[in-house]
file target02.csv (CSV, C-alpha atoms and all ligand atoms)
chain,number,residue,atom,x,y,z
A,1,MET,CA,32.8,-55.7,-47.0
A,2,GLY,CA,34.6,-57.2,-44.0
A,3,THR,CA,33.6,-56.8,-40.3
A,4,PRO,CA,33.4,-53.3,-39.0
A,5,GLU,CA,36.3,-51.8,-37.2
A,6,ARG,CA,35.7,-51.7,-33.4
A,7,PHE,CA,37.4,-49.5,-30.9
A,8,ASP,CA,36.8,-47.8,-27.5
A,9,ALA,CA,36.9,-44.0,-27.2
A,10,ASP,CA,36.5,-41.2,-24.7
A,11,VAL,CA,33.7,-38.8,-25.2
A,12,ILE,CA,35.2,-35.3,-25.3
A,13,SER,CA,31.9,-33.6,-26.0
A,14,ALA,CA,28.2,-34.6,-26.5
A,15,TYR,CA,25.8,-32.2,-28.0
A,16,GLY,CA,22.4,-33.7,-29.0
A,17,ARG,CA,23.3,-36.6,-31.2
A,18,HIS,CA,26.7,-35.2,-32.1
A,19,LEU,CA,29.6,-36.8,-30.3
A,20,LEU,CA,33.2,-35.9,-30.4
A,21,ALA,CA,35.4,-38.7,-29.1
A,22,ARG,CA,39.1,-39.5,-28.8
A,23,ASP,CA,40.4,-42.9,-29.6
A,24,ALA,CA,43.4,-44.7,-27.9
A,25,ALA,CA,45.8,-43.0,-30.3
A,26,GLY,CA,44.5,-39.6,-29.4
A,27,VAL,CA,42.8,-39.0,-32.7
A,28,LEU,CA,39.5,-37.1,-32.5
A,29,VAL,CA,36.6,-38.7,-34.2
A,30,LYS,CA,33.0,-37.6,-34.8
A,31,ALA,CA,30.5,-40.2,-33.9
A,32,ARG,CA,26.8,-40.6,-33.2
A,33,PRO,CA,25.0,-42.8,-30.8
A,34,PHE,CA,23.5,-46.0,-32.3
A,35,GLY,CA,19.7,-46.1,-31.7
A,36,ARG,CA,17.6,-43.9,-29.4
A,37,GLY,CA,18.2,-45.5,-26.0
A,38,LEU,CA,21.8,-44.5,-25.4
A,39,GLU,CA,22.3,-41.6,-23.0
A,40,ILE,CA,25.9,-40.5,-23.6
A,41,VAL,CA,27.5,-37.6,-21.8
A,42,CYS,CA,30.9,-35.9,-21.7
A,43,GLY,CA,33.4,-38.1,-19.9
A,44,ASP,CA,31.8,-41.3,-21.0
A,45,ARG,CA,33.8,-44.2,-22.5
A,46,VAL,CA,32.1,-45.7,-25.5
A,47,ARG,CA,32.5,-48.8,-27.6
A,48,CYS,CA,32.5,-47.7,-31.3
A,49,GLU,CA,32.1,-49.2,-34.7
A,50,ARG,CA,33.3,-47.7,-37.9
A,51,ASP,CA,31.1,-48.7,-40.8
A,52,ALA,CA,32.2,-49.2,-44.4
A,53,ARG,CA,31.5,-45.6,-45.2
A,54,GLY,CA,33.7,-44.5,-42.4
A,55,GLU,CA,30.9,-43.3,-40.1
A,56,VAL,CA,31.5,-44.0,-36.5
A,57,LEU,CA,28.6,-45.2,-34.3
A,58,ALA,CA,28.8,-45.4,-30.5
A,59,MET,CA,27.2,-48.8,-29.8
A,60,GLN,CA,27.5,-49.0,-26.1
A,61,VAL,CA,28.4,-46.9,-23.0
A,62,LEU,CA,31.1,-48.7,-21.0
A,63,PRO,CA,30.3,-48.9,-17.2
A,64,ARG,CA,30.8,-45.5,-15.5
A,65,THR,CA,33.0,-45.3,-12.4
A,66,SER,CA,31.0,-42.2,-11.4
A,67,ALA,CA,28.5,-39.7,-12.7
A,68,LEU,CA,27.1,-36.4,-11.6
A,69,LEU,CA,23.4,-36.4,-12.0
A,70,ARG,CA,20.7,-33.8,-11.9
A,71,SER,CA,16.9,-33.9,-11.5
A,72,ASN,CA,15.0,-32.4,-14.4
A,73,ALA,CA,11.7,-30.6,-13.9
A,74,ARG,CA,9.8,-33.9,-13.7
A,75,GLY,CA,12.1,-35.2,-11.0
A,76,VAL,CA,13.8,-37.6,-13.4
A,77,SER,CA,17.6,-38.1,-13.1
A,78,GLU,CA,19.8,-37.2,-15.9
A,79,PRO,CA,23.6,-37.5,-16.1
A,80,ILE,CA,25.6,-34.3,-16.6
A,81,VAL,CA,29.1,-35.7,-16.8
A,82,ALA,CA,30.6,-39.2,-16.3
A,83,ASN,CA,33.7,-40.8,-14.9
A,84,LEU,CA,34.8,-37.9,-12.9
A,85,THR,CA,36.7,-37.9,-9.6
A,86,LEU,CA,36.3,-34.3,-8.5
A,87,ALA,CA,33.7,-31.6,-8.7
A,88,ALA,CA,34.9,-28.0,-8.6
A,89,VAL,CA,32.1,-25.5,-8.0
A,90,VAL,CA,33.0,-22.1,-9.3
A,91,ILE,CA,31.6,-18.9,-7.8
A,92,ALA,CA,32.6,-15.2,-8.2
A,93,ALA,CA,31.6,-11.8,-6.9
A,94,MET,CA,29.9,-11.3,-10.2
A,95,PRO,CA,27.4,-12.7,-10.9
A,96,ARG,CA,26.3,-12.6,-7.3
A,97,PRO,CA,26.8,-16.1,-5.8
A,98,ASP,CA,24.0,-18.3,-4.8
A,99,LEU,CA,25.4,-20.2,-1.8
A,100,PHE,CA,22.4,-22.4,-1.6
A,101,MET,CA,23.1,-23.7,-5.1
A,102,LEU,CA,26.7,-24.2,-4.1
A,103,ASP,CA,25.4,-26.3,-1.2
A,104,ARG,CA,23.3,-28.4,-3.5
A,105,TYR,CA,26.3,-29.2,-5.7
A,106,LEU,CA,28.4,-30.0,-2.6
A,107,SER,CA,25.7,-32.3,-1.3
A,108,ALA,CA,25.4,-34.1,-4.6
A,109,ALA,CA,29.1,-34.7,-4.6
A,110,ALA,CA,29.2,-35.8,-1.0
A,111,SER,CA,26.3,-38.2,-1.6
A,112,THR,CA,28.2,-39.9,-4.4
A,113,ASN,CA,31.6,-39.9,-2.8
A,114,LEU,CA,33.0,-37.4,-5.2
A,115,ARG,CA,35.7,-35.0,-4.0
A,116,ALA,CA,34.5,-31.5,-4.1
A,117,LEU,CA,36.2,-28.2,-3.9
A,118,ILE,CA,35.2,-24.6,-4.2
A,119,VAL,CA,36.8,-22.1,-6.6
A,120,VAL,CA,36.3,-18.4,-6.1
A,121,ASN,CA,37.2,-16.8,-9.4
A,122,LYS,CA,37.7,-13.1,-10.1
A,123,SER,CA,39.8,-12.5,-7.0
A,124,ASP,CA,40.2,-8.9,-8.3
A,125,LEU,CA,36.6,-8.3,-7.3
A,126,PRO,CA,35.7,-8.6,-3.5
A,127,LEU,CA,32.9,-10.8,-2.2
A,128,GLU,CA,30.2,-9.4,0.0
A,129,ALA,CA,30.8,-10.0,3.8
A,130,GLU,CA,27.9,-12.3,4.0
A,131,GLU,CA,29.3,-14.6,1.2
A,132,GLU,CA,32.7,-14.4,2.7
A,133,ALA,CA,31.3,-15.7,6.0
A,134,GLY,CA,29.4,-18.5,4.2
A,135,LEU,CA,32.6,-19.6,2.5
A,136,GLN,CA,34.5,-19.6,5.8
A,137,GLN,CA,31.9,-21.9,7.3
A,138,LEU,CA,32.2,-24.2,4.4
A,139,GLN,CA,36.0,-24.2,4.8
A,140,ALA,CA,35.5,-25.1,8.5
A,141,LEU,CA,33.5,-28.1,7.4
A,142,GLY,CA,36.5,-29.3,5.4
A,143,TYR,CA,35.9,-27.9,1.9
A,144,ASP,CA,39.0,-26.5,0.2
A,145,VAL,CA,38.5,-23.0,-1.1
A,146,HIS,CA,40.8,-21.9,-4.0
A,147,ARG,CA,40.8,-18.1,-4.7
A,148,VAL,CA,41.9,-17.5,-8.2
A,149,GLY,CA,41.7,-14.9,-11.0
A,150,ALA,CA,41.4,-16.2,-14.6
A,151,ARG,CA,42.1,-12.7,-15.7
A,152,ASP,CA,45.3,-12.0,-13.9
A,153,GLY,CA,46.4,-15.6,-13.3
A,154,ALA,CA,46.3,-15.4,-9.5
A,155,GLY,CA,46.2,-18.7,-7.6
A,156,LEU,CA,46.1,-20.9,-10.6
A,157,GLU,CA,49.2,-23.0,-9.8
A,158,GLY,CA,47.6,-24.1,-6.6
A,159,LEU,CA,44.4,-25.0,-8.3
A,160,ALA,CA,46.2,-26.9,-11.1
A,161,GLN,CA,48.0,-28.9,-8.3
A,162,ALA,CA,44.7,-29.7,-6.7
A,163,LEU,CA,43.3,-30.9,-10.0
A,164,ALA,CA,46.3,-33.0,-10.9
A,165,GLY,CA,45.5,-36.7,-11.4
A,166,HIS,CA,41.8,-36.0,-11.3
A,167,THR,CA,39.1,-35.9,-13.9
A,168,SER,CA,37.3,-32.8,-12.7
A,169,VAL,CA,34.4,-30.7,-13.8
A,170,LEU,CA,33.9,-27.0,-13.4
A,171,LEU,CA,30.4,-26.3,-12.4
A,172,GLY,CA,28.5,-23.1,-11.6
A,173,GLN,CA,26.4,-20.2,-12.7
A,174,SER,CA,26.8,-18.6,-16.1
A,175,GLY,CA,29.5,-15.9,-16.2
A,176,VAL,CA,31.5,-16.9,-13.2
A,177,GLY,CA,34.5,-17.6,-15.5
A,178,LYS,CA,34.6,-21.4,-16.0
A,179,SER,CA,35.7,-21.2,-19.6
A,180,SER,CA,38.2,-18.4,-18.8
A,181,LEU,CA,39.7,-20.8,-16.2
A,182,ILE,CA,39.9,-23.6,-18.7
A,183,ARG,CA,41.8,-21.4,-21.1
A,184,ARG,CA,44.4,-21.0,-18.3
A,185,LEU,CA,44.3,-24.5,-16.9
A,186,ALA,CA,44.1,-26.7,-20.0
A,187,VAL,CA,46.9,-27.4,-22.4
A,188,ASP,CA,44.3,-27.6,-25.2
A,189,GLY,CA,42.1,-24.9,-23.7
A,190,ALA,CA,42.5,-22.3,-26.4
A,191,GLU,CA,39.3,-23.6,-28.0
A,192,ALA,CA,37.3,-22.7,-24.9
A,193,LEU,CA,35.3,-19.7,-26.0
A,194,THR,CA,34.7,-17.2,-23.3
A,195,GLY,CA,32.5,-14.2,-22.8
A,196,GLU,CA,35.5,-11.9,-23.2
A,197,LEU,CA,36.5,-13.3,-26.6
A,198,MET,CA,33.1,-13.0,-28.1
A,199,ARG,CA,32.4,-9.5,-26.8
A,200,GLU,CA,34.7,-8.2,-29.5
A,201,GLU,CA,32.3,-9.6,-31.9
A,202,GLU,CA,28.8,-9.5,-30.6
A,203,GLY,CA,27.1,-10.3,-27.3
A,204,ARG,CA,28.4,-12.8,-24.8
A,205,HIS,CA,29.5,-16.3,-25.4
A,206,THR,CA,28.0,-18.8,-23.2
A,207,THR,CA,29.2,-22.5,-23.2
A,208,THR,CA,26.5,-24.7,-24.7
A,209,ALA,CA,28.0,-28.2,-24.2
A,210,SER,CA,30.4,-29.8,-21.7
A,211,ARG,CA,33.8,-30.4,-23.1
A,212,LEU,CA,36.8,-32.3,-21.8
A,213,TYR,CA,40.3,-30.9,-21.8
A,214,GLU,CA,43.8,-32.0,-20.7
A,215,CYS,CA,44.9,-30.1,-17.6
A,216,ILE,CA,48.3,-28.4,-17.4
A,217,GLY,CA,49.2,-30.1,-14.1
A,218,GLY,CA,48.1,-33.5,-15.4
A,219,GLY,CA,44.6,-34.9,-15.3
A,220,ARG,CA,41.6,-33.9,-17.2
A,221,ILE,CA,39.2,-31.0,-16.8
A,222,ILE,CA,35.6,-30.6,-18.1
A,223,ASP,CA,34.1,-27.2,-18.9
A,224,SER,CA,30.3,-27.2,-18.4
A,225,PRO,CA,27.6,-24.8,-19.5
A,226,GLY,CA,26.5,-22.3,-16.8
A,227,VAL,CA,23.2,-23.1,-15.0
A,228,ARG,CA,20.5,-21.0,-13.4
A,229,ASP,CA,19.8,-23.6,-10.8
A,230,TYR,CA,20.8,-27.1,-9.9
A,231,ALA,CA,18.7,-29.8,-8.3
A,232,PRO,CA,20.5,-33.0,-7.4
A,233,SER,CA,19.1,-36.4,-8.3
A,234,VAL,CA,16.9,-38.1,-5.7
A,235,ASP,CA,18.5,-41.4,-6.8
A,236,GLN,CA,21.9,-40.1,-5.9
A,237,LEU,CA,21.3,-38.1,-2.7
A,238,GLU,CA,22.2,-39.8,0.5
A,239,PRO,CA,18.8,-40.0,2.2
A,240,ALA,CA,19.7,-39.5,5.8
A,241,SER,CA,22.0,-36.5,5.7
A,242,LEU,CA,21.4,-35.3,2.1
A,243,GLY,CA,25.1,-34.9,1.9
A,244,TYR,CA,25.4,-32.3,4.6
A,245,TYR,CA,28.4,-33.2,6.7
A,246,GLU,CA,27.3,-31.4,9.8
A,247,VAL,CA,23.9,-33.1,9.7
A,248,GLN,CA,25.7,-36.5,9.4
A,249,LYS,CA,27.8,-35.5,12.4
A,250,TYR,CA,25.2,-34.3,14.8
A,251,ALA,CA,22.4,-36.8,13.8
A,252,ALA,CA,24.2,-39.2,16.1
A,253,ASN,CA,22.6,-37.2,19.0
A,254,CYS,CA,19.0,-37.3,17.7
A,255,ARG,CA,16.4,-39.0,19.8
A,256,PHE,CA,14.9,-40.8,16.8
A,257,MET,CA,16.9,-42.9,14.3
A,258,ASP,CA,14.7,-41.6,11.4
A,259,CYS,CA,14.9,-38.0,12.5
A,260,ARG,CA,14.7,-35.6,9.5
A,261,HIS,CA,15.9,-32.7,11.7
A,262,LEU,CA,12.9,-30.6,11.0
A,263,ASN,CA,10.4,-30.5,13.9
A,264,GLU,CA,11.2,-33.7,15.6
A,265,PRO,CA,11.7,-33.5,19.4
A,266,ARG,CA,15.2,-33.9,20.8
A,267,CYS,CA,17.0,-33.4,17.5
A,268,GLY,CA,20.8,-33.3,17.8
A,269,VAL,CA,21.1,-31.2,14.6
A,270,ARG,CA,18.8,-28.5,15.8
A,271,ALA,CA,20.5,-28.5,19.2
A,272,ALA,CA,23.8,-27.9,17.4
A,273,VAL,CA,22.3,-25.0,15.4
A,274,GLU,CA,21.0,-23.5,18.7
A,275,ALA,CA,24.5,-24.0,20.3
A,276,GLY,CA,26.0,-22.2,17.3
A,277,GLU,CA,28.0,-25.3,16.2
A,278,VAL,CA,26.1,-25.5,12.9
A,279,SER,CA,25.6,-22.4,10.9
A,280,ALA,CA,22.0,-21.1,10.7
A,281,ARG,CA,22.5,-20.6,6.9
A,282,ARG,CA,23.6,-24.2,6.3
A,283,TYR,CA,20.8,-25.5,8.4
A,284,GLU,CA,18.3,-23.4,6.4
A,285,SER,CA,20.0,-24.8,3.3
A,286,TYR,CA,19.5,-28.3,4.6
A,287,ARG,CA,15.8,-27.6,5.3
A,288,ARG,CA,15.3,-26.3,1.7
A,289,MET,CA,17.1,-29.4,0.4
A,290,ARG,CA,14.9,-31.7,2.4
A,291,ARG,CA,11.8,-30.0,1.0
A,292,LEU,CA,13.3,-30.2,-2.5
A,293,TYR,CA,14.1,-33.9,-2.0
A,294,GLU,CA,10.6,-34.7,-0.8
A,295,GLN,CA,9.0,-32.6,-3.6
A,296,LEU,CA,11.1,-34.3,-6.3
A,297,GLN,CA,10.2,-37.7,-4.9
A,298,GLY,CA,6.5,-36.7,-4.9
A,299,GLU,CA,6.6,-35.4,-8.5
A,300,ARG,CA,7.7,-38.6,-9.9
A,301,ALA,CA,4.9,-40.4,-11.5
A,302,PRO,CA,4.3,-43.8,-9.7
A,303,GLY,CA,6.3,-46.5,-11.4
A,304,ARG,CA,8.5,-44.1,-13.4
A,305,THR,CA,12.0,-45.4,-13.3
A,306,LYS,CA,15.4,-43.9,-14.1
A,307,ARG,CA,16.2,-44.3,-17.8
L,401,LIG,N1,37.1,-9.3,-13.4
L,401,LIG,C1,37.3,-10.5,-13.8
L,401,LIG,N2,36.5,-11.0,-14.8
L,401,LIG,C2,36.7,-12.3,-15.2
L,401,LIG,C3,37.7,-13.1,-14.6
L,401,LIG,N3,37.6,-14.3,-15.2
L,401,LIG,C4,36.7,-14.2,-16.1
L,401,LIG,N4,36.1,-13.0,-16.2
L,401,LIG,C5,35.0,-12.5,-17.1
L,401,LIG,O1,33.8,-13.1,-16.8
L,401,LIG,C6,33.0,-13.2,-18.0
L,401,LIG,C7,32.5,-14.6,-18.1
L,401,LIG,O2,33.5,-15.5,-18.4
L,401,LIG,P1,33.3,-17.0,-19.0
L,401,LIG,O3,34.6,-17.7,-18.8
L,401,LIG,O4,32.7,-16.9,-20.3
L,401,LIG,O5,32.2,-17.6,-17.9
L,401,LIG,P2,31.5,-19.0,-17.9
L,401,LIG,O6,31.5,-19.4,-16.5
L,401,LIG,O7,32.3,-19.9,-18.8
L,401,LIG,O8,30.1,-18.7,-18.5
L,401,LIG,P3,29.1,-19.8,-19.1
L,401,LIG,O9,29.8,-20.5,-20.3
L,401,LIG,O10,27.9,-19.0,-19.6
L,401,LIG,O11,28.7,-20.7,-18.1
L,401,LIG,C8,33.9,-12.8,-19.1
L,401,LIG,O12,33.6,-11.5,-19.5
L,401,LIG,C9,35.3,-12.9,-18.5
L,401,LIG,O13,36.2,-12.0,-19.1
L,401,LIG,C10,38.5,-12.6,-13.5
L,401,LIG,O14,39.4,-13.2,-13.0
L,401,LIG,N5,38.2,-11.3,-13.2
L,402,MG,MG,31.7,-21.0,-20.4
L,403,ZN,ZN,17.5,-34.7,14.2
call {"tool": "encode", "arguments": {"input": "target02.csv", "output": "structure tokens"}}
result
Amino acid sequence: MGTPERFDADVISAYGRHLLARDAAGVLVKARPFGRGLEIVCGDRVRCERDARGEVLAMQVLPRTSALLRSNARGVSEPIVANLTLAAVVIAAMPRPDLFMLDRYLSAAASTNLRALIVVNKSDLPLEAEEEAGLQQLQALGYDVHRVGARDGAGLEGLAQALAGHTSVLLGQSGVGKSSLIRRLAVDGAEALTGELMREEEGRHTTTASRLYECIGGGRIIDSPGVRDYAPSVDQLEPASLGYYEVQKYAANCRFMDCRHLNEPRCGVRAAVEAGEVSARRYESYRRMRRLYEQLQGERAPGRTKR
């Protein structure tokens, strides 16, 4: 037998040790990682080898331009998706949004210089006043909020335009309609199974693995499984502001350079909260994030390093 055929491919989906990749010609190939040490996620680019029996092995993960990480329960960082340029966090009136979780996604994105935007799906269902106010505060901070309806198609052109040219990921709680949006936004999105489709059969369908699609407006879009919670990676969080823009801004007024903006005297961030320039909810969110950050750092066994 001659030397194995070598080629690079994009990972469309990774589920356990099952990889679906696309080669330069656009052909989908099934592959599996070579050895145990490779951590391959949706969006990765891998160097492959096809052996004599036609089996494809991913030998190496090519350097990532970016990755969104999470902390697992032990405080260890794990990649969720790779090589993305934009994180779109999806919320909806149902299930009831967790704005603190939204903040944690936004702070992870900001900490890693990833563009972030907020998608409010199910525009046919109104949000509670409290959540509406929270969104307006985020908008005032500079986050774009897209109000869309996957069911009736409202606002989707604007969203497709915002995603054009990006590799984006849809993130958020289970049931907010990420896969339903993919079915509208991706040229090849018909395969995205949504709760609605499955209801005809039995129960609800929930996405089990991230999958990359081609976006109608250009660019690529990744559907991801819904989550109950999200904890950013301590390796990725910007330690001073934790990715909270208003903290970054008002920290310039703090008395101490290493102020954590909790109980320190003459804190510029707390002063801004008292003056009504920073929202009390976002400040509370920052405090929770600071506690989470310190807890995750503490939970790490000494000497444990990122895999
Ligand atoms: N009323 C309303 N319902 C919607 C809309 N978009 C999606 N849904 C419904 O929301 C439910 C969940 O949709 P999915 O697309 O499966 O949600 P998901 O975010 O992909 O869920 P996971 O895969 O579990 O993370 C389905 O019953 C959809 O029909 C909308 O614009 N309006
Ligand atoms: Mg889904
Ligand atoms: Zn401070």
call {"tool": "residues_near_point", "arguments": {"input": "target02.csv", "point": "(21.6, -41.0, 6.8)", "cutoff": "12 Å", "atoms": "all atoms listed in the file", "output": "ChimeraX atom specification"}}
result
/A:111,237-252,254,257-261
call {"tool": "closest_atom_pairs", "arguments": {"input": "target02.csv", "of": "stretch 25-63 of chain A", "to": "stretch 77-83 of chain A", "cutoff": "9 Å", "atoms": "only C-alpha atoms", "output": "Markdown table"}}
result
| residue | atom | partner | partner_atom | distance |
| --- | --- | --- | --- | --- |
| A:Glu39 | CA | A:Pro79 | CA | 8.1 |
| A:Ile40 | CA | A:Pro79 | CA | 8.4 |
| A:Val41 | CA | A:Val81 | CA | 5.6 |
| A:Cys42 | CA | A:Val81 | CA | 5.2 |
| A:Gly43 | CA | A:Ala82 | CA | 4.7 |
| A:Asp44 | CA | A:Ala82 | CA | 5.3 |
| A:Arg45 | CA | A:Asn83 | CA | 8.3 |
call {"tool": "residues_near_ligand", "arguments": {"input": "target02.csv", "ligand": "ligand LIG 401 (chain L)", "cutoff": "7 Å", "atoms": "all atoms listed in the file", "output": "VMD selection string"}}
result
chain A and resid 121 to 125 148 to 152 172 to 181 193 to 196 205 to 208 224 to 227
call {"tool": "closest_residue", "arguments": {"input": "target02.csv", "among": "A:Ala21, A:Ala133, A:Ile182, A:Cys215", "to": "A:Leu163", "atoms": "all atoms listed in the file"}}
result
A:Cys215
call {"tool": "atom_distance", "arguments": {"input": "target02.csv", "atom1": "atom CA of A:Leu171", "atom2": "atom CA of A:Ile118"}}
result
9.7 Å
call {"tool": "build_atoms", "arguments": {"input": "target02.csv", "residues": "stretch 158-167 of chain A", "atoms": "all heavy atoms", "output": "PDB file, in the frame of the given file"}}
result
ATOM      1  N   GLY A 158      48.207 -23.317  -7.646  1.00  0.00           N
ATOM      2  CA  GLY A 158      47.600 -24.100  -6.600  1.00  0.00           C
ATOM      3  C   GLY A 158      46.434 -24.911  -7.009  1.00  0.00           C
ATOM      4  O   GLY A 158      46.274 -26.080  -6.650  1.00  0.00           O
ATOM      5  N   LEU A 159      45.616 -24.280  -7.816  1.00  0.00           N
ATOM      6  CA  LEU A 159      44.400 -25.000  -8.300  1.00  0.00           C
ATOM      7  C   LEU A 159      44.818 -26.110  -9.254  1.00  0.00           C
ATOM      8  O   LEU A 159      44.301 -27.224  -9.156  1.00  0.00           O
ATOM      9  CB  LEU A 159      43.482 -23.981  -9.007  1.00  0.00           C
ATOM     10  CG  LEU A 159      42.194 -24.581  -9.590  1.00  0.00           C
ATOM     11  CD1 LEU A 159      41.384 -25.314  -8.528  1.00  0.00           C
ATOM     12  CD2 LEU A 159      41.348 -23.487 -10.252  1.00  0.00           C
ATOM     13  N   ALA A 160      45.789 -25.837 -10.138  1.00  0.00           N
ATOM     14  CA  ALA A 160      46.200 -26.900 -11.100  1.00  0.00           C
ATOM     15  C   ALA A 160      46.783 -28.078 -10.289  1.00  0.00           C
ATOM     16  O   ALA A 160      46.556 -29.234 -10.665  1.00  0.00           O
ATOM     17  CB  ALA A 160      47.297 -26.337 -12.021  1.00  0.00           C
ATOM     18  N   GLN A 161      47.465 -27.796  -9.185  1.00  0.00           N
ATOM     19  CA  GLN A 161      48.000 -28.900  -8.300  1.00  0.00           C
ATOM     20  C   GLN A 161      46.851 -29.701  -7.736  1.00  0.00           C
ATOM     21  O   GLN A 161      46.917 -30.926  -7.668  1.00  0.00           O
ATOM     22  CB  GLN A 161      48.834 -28.320  -7.217  1.00  0.00           C
ATOM     23  CG  GLN A 161      50.308 -28.282  -7.549  1.00  0.00           C
ATOM     24  CD  GLN A 161      51.095 -27.528  -6.499  1.00  0.00           C
ATOM     25  OE1 GLN A 161      50.740 -27.533  -5.310  1.00  0.00           O
ATOM     26  NE2 GLN A 161      52.144 -26.866  -6.932  1.00  0.00           N
ATOM     27  N   ALA A 162      45.815 -29.006  -7.287  1.00  0.00           N
ATOM     28  CA  ALA A 162      44.700 -29.700  -6.700  1.00  0.00           C
ATOM     29  C   ALA A 162      43.934 -30.565  -7.688  1.00  0.00           C
ATOM     30  O   ALA A 162      43.303 -31.559  -7.326  1.00  0.00           O
ATOM     31  CB  ALA A 162      43.734 -28.696  -6.019  1.00  0.00           C
ATOM     32  N   LEU A 163      44.001 -30.171  -8.951  1.00  0.00           N
ATOM     33  CA  LEU A 163      43.300 -30.900 -10.000  1.00  0.00           C
ATOM     34  C   LEU A 163      44.130 -32.040 -10.592  1.00  0.00           C
ATOM     35  O   LEU A 163      43.601 -32.907 -11.287  1.00  0.00           O
ATOM     36  CB  LEU A 163      42.857 -29.966 -11.124  1.00  0.00           C
ATOM     37  CG  LEU A 163      41.957 -28.785 -10.740  1.00  0.00           C
ATOM     38  CD1 LEU A 163      41.670 -27.920 -11.962  1.00  0.00           C
ATOM     39  CD2 LEU A 163      40.655 -29.264 -10.116  1.00  0.00           C
ATOM     40  N   ALA A 164      45.432 -32.018 -10.312  1.00  0.00           N
ATOM     41  CA  ALA A 164      46.300 -33.000 -10.900  1.00  0.00           C
ATOM     42  C   ALA A 164      45.883 -34.417 -10.587  1.00  0.00           C
ATOM     43  O   ALA A 164      45.530 -34.719  -9.452  1.00  0.00           O
ATOM     44  CB  ALA A 164      47.753 -32.773 -10.403  1.00  0.00           C
ATOM     45  N   GLY A 165      45.895 -35.261 -11.601  1.00  0.00           N
ATOM     46  CA  GLY A 165      45.500 -36.700 -11.400  1.00  0.00           C
ATOM     47  C   GLY A 165      44.044 -36.922 -11.332  1.00  0.00           C
ATOM     48  O   GLY A 165      43.617 -38.060 -11.231  1.00  0.00           O
ATOM     49  N   HIS A 166      43.243 -35.874 -11.367  1.00  0.00           N
ATOM     50  CA  HIS A 166      41.800 -36.000 -11.300  1.00  0.00           C
ATOM     51  C   HIS A 166      41.164 -35.833 -12.690  1.00  0.00           C
ATOM     52  O   HIS A 166      41.750 -35.204 -13.562  1.00  0.00           O
ATOM     53  CB  HIS A 166      41.169 -34.982 -10.392  1.00  0.00           C
ATOM     54  CG  HIS A 166      41.365 -35.284  -8.938  1.00  0.00           C
ATOM     55  ND1 HIS A 166      40.648 -36.253  -8.270  1.00  0.00           N
ATOM     56  CD2 HIS A 166      42.201 -34.745  -8.019  1.00  0.00           C
ATOM     57  CE1 HIS A 166      41.040 -36.299  -7.011  1.00  0.00           C
ATOM     58  NE2 HIS A 166      41.984 -35.393  -6.829  1.00  0.00           N
ATOM     59  N   THR A 167      39.954 -36.369 -12.836  1.00  0.00           N
ATOM     60  CA  THR A 167      39.100 -35.900 -13.900  1.00  0.00           C
ATOM     61  C   THR A 167      38.076 -35.013 -13.199  1.00  0.00           C
ATOM     62  O   THR A 167      37.279 -35.487 -12.384  1.00  0.00           O
ATOM     63  CB  THR A 167      38.380 -37.048 -14.638  1.00  0.00           C
ATOM     64  OG1 THR A 167      39.381 -37.852 -15.267  1.00  0.00           O
ATOM     65  CG2 THR A 167      37.423 -36.518 -15.702  1.00  0.00           C
TER      66      THR A 167
END
